[in-house]
>>> print(open('input20.cif').read())   # mmCIF, C-alpha atoms
data_model
#
loop_
_atom_site.label_atom_id
_atom_site.label_comp_id
_atom_site.auth_asym_id
_atom_site.auth_seq_id
_atom_site.Cartn_x
_atom_site.Cartn_y
_atom_site.Cartn_z
CA TRP A 1 -66.64 -19.87 -56.24
CA MET A 2 -67.15 -21.44 -52.78
CA LEU A 3 -65.42 -24.22 -50.95
CA PRO A 4 -67.68 -27.19 -50.29
CA VAL A 5 -68.85 -27.51 -46.71
CA VAL A 6 -67.38 -30.60 -45.11
CA ALA A 7 -68.99 -31.98 -41.99
CA VAL A 8 -66.38 -32.68 -39.35
CA ALA A 9 -67.26 -35.59 -37.10
CA ALA A 10 -67.18 -34.49 -33.48
CA ASP A 11 -65.56 -36.76 -30.96
CA PRO A 12 -68.20 -38.89 -29.25
CA PRO A 13 -68.82 -37.85 -25.66
CA PRO A 14 -66.86 -39.92 -23.14
CA THR A 15 -68.70 -42.65 -21.31
CA LEU A 16 -68.60 -43.39 -17.62
CA ASP A 17 -67.51 -46.96 -18.38
CA ALA A 18 -64.51 -45.69 -20.36
CA ILE A 19 -63.45 -43.45 -17.48
CA THR A 20 -64.03 -46.20 -14.89
CA ALA A 21 -61.84 -48.54 -16.94
CA ARG A 22 -58.96 -46.06 -16.62
CA LEU A 23 -59.16 -45.75 -12.86
CA ALA A 24 -56.82 -47.74 -10.67
CA ASN A 25 -58.48 -49.24 -7.62
CA PRO A 26 -55.61 -49.67 -5.15
CA VAL A 27 -56.12 -51.12 -1.69
CA VAL A 28 -54.09 -48.22 -0.26
CA LEU A 29 -53.29 -44.84 -1.85
CA ARG A 30 -51.02 -42.23 -0.30
CA GLY A 31 -50.19 -38.73 -1.42
CA GLN A 32 -50.04 -35.04 -0.70
CA PHE A 33 -52.75 -32.42 -1.10
CA GLU A 34 -53.04 -28.69 -1.58
CA GLN A 35 -56.40 -27.16 -0.75
CA SER A 36 -57.66 -23.68 -1.55
CA LYS A 37 -61.06 -22.48 -0.30
CA THR A 38 -62.66 -19.28 -1.53
CA VAL A 39 -65.27 -18.07 0.97
CA VAL A 40 -68.00 -15.68 -0.15
CA GLY A 41 -67.25 -12.22 1.24
CA PHE A 42 -63.51 -12.82 1.73
CA ARG A 43 -60.95 -11.65 -0.82
CA ASN A 44 -58.12 -14.11 -0.11
CA PRO A 45 -58.62 -17.87 -0.29
CA LEU A 46 -57.86 -20.07 2.71
CA ARG A 47 -54.98 -22.41 1.86
CA SER A 48 -53.83 -25.62 3.47
CA GLU A 49 -51.59 -28.52 2.55
CA GLY A 50 -50.68 -31.88 3.94
CA ARG A 51 -50.73 -35.64 3.40
CA PHE A 52 -53.37 -38.34 3.17
CA VAL A 53 -53.82 -42.10 3.18
CA VAL A 54 -56.88 -43.80 1.66
CA ALA A 55 -57.40 -47.43 2.69
CA ARG A 56 -60.19 -49.08 0.69
CA ASP A 57 -61.58 -51.14 3.60
CA ARG A 58 -60.83 -48.69 6.43
CA GLY A 59 -61.23 -45.02 5.48
CA VAL A 60 -59.16 -41.86 5.07
CA ILE A 61 -56.40 -40.30 7.18
CA TRP A 62 -56.21 -36.58 6.35
CA GLN A 63 -53.17 -34.84 7.92
CA THR A 64 -52.90 -31.08 7.49
CA ASP A 65 -49.34 -29.74 7.92
CA LYS A 66 -49.89 -26.06 6.98
CA PRO A 67 -51.02 -23.53 8.11
CA PHE A 68 -51.16 -25.62 11.31
CA ALA A 69 -51.00 -29.32 12.11
CA SER A 70 -54.21 -31.31 12.48
CA GLU A 71 -55.45 -34.78 11.65
CA LEU A 72 -58.85 -36.18 10.68
CA VAL A 73 -59.63 -39.89 10.42
CA VAL A 74 -62.75 -40.59 8.35
CA THR A 75 -64.37 -44.03 8.54
CA ALA A 76 -67.86 -45.24 7.60
CA ALA A 77 -68.93 -44.82 11.22
CA GLN A 78 -67.08 -41.70 12.44
CA ILE A 79 -65.01 -38.64 11.78
CA ARG A 80 -62.36 -38.29 14.49
CA SER A 81 -59.80 -35.54 15.01
CA ARG A 82 -56.45 -35.94 16.74
CA GLN A 83 -55.53 -32.96 18.90
CA PRO A 84 -51.98 -31.56 19.23
CA ASP A 85 -51.67 -33.24 22.66
CA GLY A 86 -52.39 -36.65 21.07
CA SER A 87 -55.94 -36.98 22.40
CA VAL A 88 -58.70 -38.06 19.99
CA ARG A 89 -62.11 -36.42 19.74
CA VAL A 90 -65.11 -37.84 17.86
CA GLU A 91 -66.40 -35.01 15.65
CA VAL A 92 -69.23 -36.92 13.97
CA ASP A 93 -70.76 -40.28 14.84
CA ALA A 94 -72.89 -41.75 12.05
CA SER A 95 -74.95 -43.79 14.52
CA GLN A 96 -76.14 -40.53 16.12
CA GLN A 97 -76.24 -38.50 12.89
CA PRO A 98 -77.16 -40.93 10.08
CA ALA A 99 -77.11 -38.13 7.49
CA MET A 100 -73.38 -37.76 8.10
CA ARG A 101 -72.78 -41.31 6.82
CA SER A 102 -73.27 -40.05 3.25
CA VAL A 103 -70.80 -37.20 3.87
CA ASN A 104 -68.22 -39.79 4.99
CA THR A 105 -69.03 -41.86 1.89
CA VAL A 106 -68.62 -38.82 -0.37
CA LEU A 107 -65.23 -37.90 1.11
CA PHE A 108 -63.90 -41.41 0.76
CA ALA A 109 -65.31 -41.96 -2.73
CA LEU A 110 -63.99 -38.63 -4.02
CA ILE A 111 -60.41 -39.28 -2.96
CA SER A 112 -60.38 -42.94 -3.98
CA GLY A 113 -62.23 -42.36 -7.27
CA ASP A 114 -64.99 -44.82 -6.35
CA LEU A 115 -67.43 -43.89 -9.13
CA GLN A 116 -69.89 -46.63 -8.20
CA SER A 117 -70.46 -45.12 -4.74
CA LEU A 118 -70.57 -41.61 -6.19
CA GLN A 119 -73.28 -42.65 -8.69
CA ARG A 120 -75.59 -43.62 -5.82
CA LEU A 121 -75.34 -40.10 -4.40
CA PHE A 122 -74.80 -37.95 -7.50
CA GLN A 123 -75.82 -37.69 -11.12
CA VAL A 124 -72.40 -38.31 -12.74
CA THR A 125 -71.86 -36.63 -16.12
CA PRO A 126 -68.67 -37.29 -18.13
CA LEU A 127 -67.45 -33.96 -19.56
CA ALA A 128 -64.20 -34.79 -21.37
CA MET A 129 -61.65 -37.53 -21.95
CA ASP A 130 -58.41 -37.71 -23.92
CA GLU A 131 -55.00 -39.36 -23.63
CA GLU A 132 -54.07 -37.02 -20.76
CA GLY A 133 -57.07 -37.67 -18.56
CA TRP A 134 -60.79 -37.16 -17.97
CA GLN A 135 -63.27 -34.80 -16.32
CA LEU A 136 -66.60 -35.52 -14.58
CA ARG A 137 -69.33 -33.34 -13.08
CA LEU A 138 -71.30 -34.54 -10.06
CA THR A 139 -74.73 -33.12 -9.26
CA PRO A 140 -76.40 -34.14 -5.96
CA ARG A 141 -79.35 -36.55 -6.25
CA SER A 142 -80.77 -35.95 -2.76
CA ARG A 143 -82.13 -32.77 -1.25
CA MET A 144 -79.88 -33.31 1.78
CA LEU A 145 -76.69 -33.32 -0.32
CA ALA A 146 -77.97 -30.42 -2.43
CA ARG A 147 -78.12 -28.35 0.78
CA ALA A 148 -74.35 -28.82 1.08
CA PHE A 149 -73.14 -29.02 -2.54
CA SER A 150 -74.17 -27.26 -5.72
CA SER A 151 -71.81 -29.33 -7.88
CA LEU A 152 -68.45 -31.09 -7.86
CA THR A 153 -66.03 -31.52 -10.74
CA LEU A 154 -63.36 -34.22 -10.79
CA HIS A 155 -60.27 -34.27 -13.02
CA GLY A 156 -58.05 -37.33 -13.19
CA ASP A 157 -56.15 -40.05 -14.99
CA ARG A 158 -55.50 -43.36 -13.20
CA HIS A 159 -56.39 -41.47 -10.02
CA VAL A 160 -58.44 -38.41 -9.10
CA ARG A 161 -56.01 -35.46 -9.36
CA VAL A 162 -58.26 -32.44 -8.73
CA VAL A 163 -61.60 -32.04 -6.93
CA GLU A 164 -63.46 -28.75 -7.34
CA ILE A 165 -66.41 -28.25 -5.00
CA VAL A 166 -69.05 -25.54 -5.33
CA GLU A 167 -71.05 -25.37 -2.11
CA ALA A 168 -74.72 -24.42 -2.06
CA GLY A 169 -73.83 -21.11 -0.36
CA GLY A 170 -71.34 -20.18 -3.10
CA ASP A 171 -68.07 -21.07 -1.33
CA ARG A 172 -65.61 -22.90 -3.60
CA THR A 173 -62.92 -25.43 -2.72
CA ARG A 174 -60.20 -26.79 -4.99
CA ILE A 175 -58.14 -29.78 -3.80
CA GLN A 176 -55.16 -30.94 -5.81
CA PHE A 177 -53.59 -34.35 -5.13
CA ARG A 178 -49.87 -34.85 -5.83
CA GLN A 179 -47.15 -37.47 -5.44
CA LEU A 180 -49.63 -40.33 -5.38
CA SER A 181 -48.29 -43.77 -4.53
CA GLU A 182 -49.90 -47.21 -4.31
CA LEU A 183 -46.91 -48.65 -2.41
CA PRO A 184 -46.63 -50.13 0.09
CA ALA A 185 -49.87 -51.89 -0.85
CA ALA A 186 -50.92 -52.49 2.78
CA LEU A 187 -51.29 -50.05 5.66
CA ARG A 188 -48.17 -49.59 7.76
CA ASP A 189 -48.61 -50.39 11.46
CA ASP A 190 -48.64 -46.69 12.45
CA GLU A 191 -51.31 -45.96 9.81
CA ALA A 192 -53.50 -48.92 10.81
CA ALA A 193 -53.29 -47.83 14.46
CA ARG A 194 -54.91 -44.49 13.58
CA PHE A 195 -58.09 -46.28 12.49
CA ASP A 196 -58.42 -48.14 15.82
#
>>> encode(input="input20.cif", output="structure tokens")
Amino acid sequence: WMLPVVAVAADPPPTLDAITARLANPVVLRGQFEQSKTVVGFRNPLRSEGRFVVARDRGVIWQTDKPFASELVVTAAQIRSRQPDGSVRVEVDASQQPAMRSVNTVLFALISGDLQSLQRLFQVTPLAMDEEGWQLRLTPRSRMLARAFSSLTLHGDRHVRVVEIVEAGGDRTRIQFRQLSELPAALRDDEAARFD
């Protein structure tokens, strides 16, 4: 005697629209990050942590507190670093290196969860979604981006919570975002000044 075989309906795969509908799109998002980078050939990962501010119309302020203090300001036009003495140095200028504009766009879109911008640069594949959150894989569309990234995986809920990056050379980076806040909803004066 055998039990009848019952077909179990599998959950339908998540759609990008369903994930997009879950994402908040705040004007300003602040939080903390922990970053771990595993470099091919090195046993111990490189770790850093700090704070960030994402302003939808301005860019990203990325402040590393540990292992040492540094600050990057990423806008559509430039990546600038603030030195310990307070001086500012332009690391990348998109007008001189147009290819870097897409790197700036990727950074901003990853942190802010801007799936529309990411879709222009990556093939975006929804992997999973439940009450707790969702997961996406990004595969570069252009040869230029493929030289830098093999793939990226995003995990999130209302916001992106974890970004896992596999570089073309095999190095891996995992960034976890914590203590996210959408308030205050506008940049504070000291934050706005960093973009000028």
>>> residues_around(input="input20.cif", residues="A:Asp157", least_positions_apart="6", cutoff="7 Å", atoms="only C-alpha atoms", output="JSON, numbers by chain")
{"A": [22, 23, 132, 133, 134]}
>>> residues_around(input="input20.cif", residues="A:Ile175", least_positions_apart="3", cutoff="9 Å", atoms="all atoms listed in the file", output="PyMOL selection string")
chain A and resi 33-37+161-165
>>> closest_residue(input="input20.cif", among="A:Val28, A:Leu16, A:Ala21, A:Leu46", to="A:Glu182", atoms="all atoms listed in the file")
A:Val28
>>> closest_residue(input="input20.cif", among="A:Ile111, A:Ser181, A:Asp190, A:Arg137", to="A:Val166", atoms="only C-alpha atoms")
A:Arg137
>>> closest_residue(input="input20.cif", among="A:Ala128, A:Ala148, A:Leu110, A:Leu29", to="A:Asp171", atoms="all atoms listed in the file")
A:Ala148
>>> resolve_selection(input="input20.cif", expression="the PyMOL selection byres ((chain A and resi 192) around 12)", output="list in words")
Val28, Val53, Val54, Ala55, Asp57, Arg58, Gly59, Val60, Ile61, Val73, Ala186, Leu187, Arg188, Asp189, Asp190, Glu191, Ala193, Arg194, Phe195 and Asp196 of chain A
>>> write_last_selection(input="input20.cif", atoms="C-alpha atoms", output="PDB file, in the coordinates of the input")
ATOM      1  CA  VAL A  28     -54.090 -48.220  -0.260  1.00  0.00           C
ATOM      2  CA  VAL A  53     -53.820 -42.100   3.180  1.00  0.00           C
ATOM      3  CA  VAL A  54     -56.880 -43.800   1.660  1.00  0.00           C
ATOM      4  CA  ALA A  55     -57.400 -47.430   2.690  1.00  0.00           C
ATOM      5  CA  ASP A  57     -61.580 -51.140   3.600  1.00  0.00           C
ATOM      6  CA  ARG A  58     -60.830 -48.690   6.430  1.00  0.00           C
ATOM      7  CA  GLY A  59     -61.230 -45.020   5.480  1.00  0.00           C
ATOM      8  CA  VAL A  60     -59.160 -41.860   5.070  1.00  0.00           C
ATOM      9  CA  ILE A  61     -56.400 -40.300   7.180  1.00  0.00           C
ATOM     10  CA  VAL A  73     -59.630 -39.890  10.420  1.00  0.00           C
ATOM     11  CA  ALA A 186     -50.920 -52.490   2.780  1.00  0.00           C
ATOM     12  CA  LEU A 187     -51.290 -50.050   5.660  1.00  0.00           C
ATOM     13  CA  ARG A 188     -48.170 -49.590   7.760  1.00  0.00           C
ATOM     14  CA  ASP A 189     -48.610 -50.390  11.460  1.00  0.00           C
ATOM     15  CA  ASP A 190     -48.640 -46.690  12.450  1.00  0.00           C
ATOM     16  CA  GLU A 191     -51.310 -45.960   9.810  1.00  0.00           C
ATOM     17  CA  ALA A 193     -53.290 -47.830  14.460  1.00  0.00           C
ATOM     18  CA  ARG A 194     -54.910 -44.490  13.580  1.00  0.00           C
ATOM     19  CA  PHE A 195     -58.090 -46.280  12.490  1.00  0.00           C
ATOM     20  CA  ASP A 196     -58.420 -48.140  15.820  1.00  0.00           C
TER      21      ASP A 196
END
>>> resolve_selection(input="input20.cif", expression="the PyMOL selection byres ((chain A and resi 113-126) around 10)", output="PyMOL selection string")
chain A and resi 13-20+23-25+56+102-103+105-112+127-129+134-142+145-146+151-154+156+158-161
>>> decode(input="input20.cif", residues="stretch 170-183 of chain A", atoms="all heavy atoms", output="mmCIF file, in the first residue's frame")
data_model
loop_
_atom_site.group_PDB
_atom_site.id
_atom_site.type_symbol
_atom_site.label_atom_id
_atom_site.label_comp_id
_atom_site.auth_asym_id
_atom_site.auth_seq_id
_atom_site.Cartn_x
_atom_site.Cartn_y
_atom_site.Cartn_z
ATOM 1 N N GLY A 170 37.918 38.234 -7.299
ATOM 2 C CA GLY A 170 37.679 37.248 -6.243
ATOM 3 C C GLY A 170 37.564 37.833 -4.842
ATOM 4 O O GLY A 170 37.155 37.136 -3.920
ATOM 5 N N ASP A 171 37.968 39.097 -4.652
ATOM 6 C CA ASP A 171 37.809 39.716 -3.338
ATOM 7 C C ASP A 171 36.318 39.833 -3.023
ATOM 8 O O ASP A 171 35.487 40.021 -3.919
ATOM 9 C CB ASP A 171 38.433 41.117 -3.297
ATOM 10 C CG ASP A 171 39.950 41.086 -3.461
ATOM 11 O OD1 ASP A 171 40.534 39.985 -3.432
ATOM 12 O OD2 ASP A 171 40.536 42.167 -3.620
ATOM 13 N N ARG A 172 35.978 39.727 -1.727
ATOM 14 C CA ARG A 172 34.574 39.793 -1.308
ATOM 15 C C ARG A 172 34.409 40.835 -0.216
ATOM 16 O O ARG A 172 35.229 40.916 0.699
ATOM 17 C CB ARG A 172 34.106 38.438 -0.763
ATOM 18 C CG ARG A 172 34.076 37.353 -1.805
ATOM 19 C CD ARG A 172 33.764 35.986 -1.201
ATOM 20 N NE ARG A 172 33.587 35.011 -2.257
ATOM 21 C CZ ARG A 172 32.417 34.681 -2.780
ATOM 22 N NH1 ARG A 172 31.309 35.250 -2.337
ATOM 23 N NH2 ARG A 172 32.333 33.805 -3.749
ATOM 24 N N THR A 173 33.337 41.612 -0.327
ATOM 25 C CA THR A 173 33.033 42.632 0.680
ATOM 26 C C THR A 173 31.606 42.426 1.167
ATOM 27 O O THR A 173 30.698 42.178 0.359
ATOM 28 C CB THR A 173 33.163 44.048 0.083
ATOM 29 O OG1 THR A 173 34.502 44.220 -0.390
ATOM 30 C CG2 THR A 173 32.856 45.118 1.124
ATOM 31 N N ARG A 174 31.438 42.516 2.480
ATOM 32 C CA ARG A 174 30.092 42.441 3.072
ATOM 33 C C ARG A 174 29.888 43.699 3.908
ATOM 34 O O ARG A 174 30.684 43.995 4.800
ATOM 35 C CB ARG A 174 29.958 41.200 3.951
ATOM 36 C CG ARG A 174 28.550 40.986 4.503
ATOM 37 C CD ARG A 174 28.501 39.681 5.303
ATOM 38 N NE ARG A 174 27.128 39.234 5.490
ATOM 39 C CZ ARG A 174 26.338 39.636 6.476
ATOM 40 N NH1 ARG A 174 26.779 40.510 7.374
ATOM 41 N NH2 ARG A 174 25.108 39.171 6.574
ATOM 42 N N ILE A 175 28.842 44.465 3.582
ATOM 43 C CA ILE A 175 28.531 45.694 4.324
ATOM 44 C C ILE A 175 27.167 45.513 4.965
ATOM 45 O O ILE A 175 26.188 45.191 4.284
ATOM 46 C CB ILE A 175 28.495 46.928 3.396
ATOM 47 C CG1 ILE A 175 29.773 47.019 2.568
ATOM 48 C CG2 ILE A 175 28.304 48.204 4.218
ATOM 49 C CD1 ILE A 175 29.710 48.037 1.444
ATOM 50 N N GLN A 176 27.129 45.703 6.276
ATOM 51 C CA GLN A 176 25.868 45.597 7.007
ATOM 52 C C GLN A 176 25.486 46.982 7.521
ATOM 53 O O GLN A 176 26.310 47.694 8.097
ATOM 54 C CB GLN A 176 26.015 44.629 8.171
ATOM 55 C CG GLN A 176 24.710 44.387 8.900
ATOM 56 C CD GLN A 176 24.752 43.128 9.739
ATOM 57 O OE1 GLN A 176 25.799 42.522 9.920
ATOM 58 N NE2 GLN A 176 23.597 42.715 10.239
ATOM 59 N N PHE A 177 24.234 47.374 7.275
ATOM 60 C CA PHE A 177 23.731 48.676 7.706
ATOM 61 C C PHE A 177 22.855 48.490 8.943
ATOM 62 O O PHE A 177 21.991 47.603 8.967
ATOM 63 C CB PHE A 177 22.923 49.334 6.579
ATOM 64 C CG PHE A 177 23.723 49.528 5.321
ATOM 65 C CD1 PHE A 177 23.452 48.795 4.180
ATOM 66 C CD2 PHE A 177 24.769 50.441 5.283
ATOM 67 C CE1 PHE A 177 24.186 48.966 3.020
ATOM 68 C CE2 PHE A 177 25.517 50.610 4.123
ATOM 69 C CZ PHE A 177 25.230 49.875 3.000
ATOM 70 N N ARG A 178 23.081 49.329 9.959
ATOM 71 C CA ARG A 178 22.343 49.215 11.220
ATOM 72 C C ARG A 178 21.842 50.582 11.664
ATOM 73 O O ARG A 178 22.314 51.603 11.189
ATOM 74 C CB ARG A 178 23.256 48.649 12.315
ATOM 75 C CG ARG A 178 23.786 47.257 12.040
ATOM 76 C CD ARG A 178 24.693 46.766 13.150
ATOM 77 N NE ARG A 178 25.952 47.521 13.166
ATOM 78 C CZ ARG A 178 26.389 48.255 14.184
ATOM 79 N NH1 ARG A 178 25.694 48.356 15.277
ATOM 80 N NH2 ARG A 178 27.517 48.902 14.102
ATOM 81 N N GLN A 179 20.924 50.539 12.605
ATOM 82 C CA GLN A 179 20.384 51.761 13.236
ATOM 83 C C GLN A 179 19.998 52.808 12.191
ATOM 84 O O GLN A 179 20.397 53.973 12.282
ATOM 85 C CB GLN A 179 21.387 52.315 14.256
ATOM 86 C CG GLN A 179 21.644 51.338 15.386
ATOM 87 C CD GLN A 179 22.537 51.913 16.463
ATOM 88 O OE1 GLN A 179 22.795 53.102 16.502
ATOM 89 N NE2 GLN A 179 22.998 51.053 17.362
ATOM 90 N N LEU A 180 19.217 52.371 11.219
ATOM 91 C CA LEU A 180 18.799 53.273 10.147
ATOM 92 C C LEU A 180 17.703 54.216 10.642
ATOM 93 O O LEU A 180 16.819 53.813 11.391
ATOM 94 C CB LEU A 180 18.292 52.469 8.947
ATOM 95 C CG LEU A 180 19.304 51.486 8.344
ATOM 96 C CD1 LEU A 180 18.693 50.759 7.162
ATOM 97 C CD2 LEU A 180 20.572 52.199 7.934
ATOM 98 N N SER A 181 17.779 55.465 10.215
ATOM 99 C CA SER A 181 16.788 56.460 10.614
ATOM 100 C C SER A 181 16.490 57.396 9.445
ATOM 101 O O SER A 181 17.408 57.834 8.750
ATOM 102 C CB SER A 181 17.301 57.270 11.808
ATOM 103 O OG SER A 181 16.423 58.338 12.091
ATOM 104 N N GLU A 182 15.207 57.697 9.277
ATOM 105 C CA GLU A 182 14.782 58.637 8.228
ATOM 106 C C GLU A 182 14.573 60.039 8.799
ATOM 107 O O GLU A 182 14.155 60.944 8.071
ATOM 108 C CB GLU A 182 13.485 58.134 7.578
ATOM 109 C CG GLU A 182 13.646 56.789 6.909
ATOM 110 C CD GLU A 182 12.336 56.264 6.339
ATOM 111 O OE1 GLU A 182 11.446 57.078 6.024
ATOM 112 O OE2 GLU A 182 12.215 55.029 6.200
ATOM 113 N N LEU A 183 14.856 60.222 10.086
ATOM 114 C CA LEU A 183 14.661 61.522 10.742
ATOM 115 C C LEU A 183 15.976 62.060 11.270
ATOM 116 O O LEU A 183 16.798 61.293 11.760
ATOM 117 C CB LEU A 183 13.658 61.376 11.897
ATOM 118 C CG LEU A 183 12.249 60.920 11.479
ATOM 119 C CD1 LEU A 183 11.410 60.629 12.704
ATOM 120 C CD2 LEU A 183 11.593 61.973 10.601
#
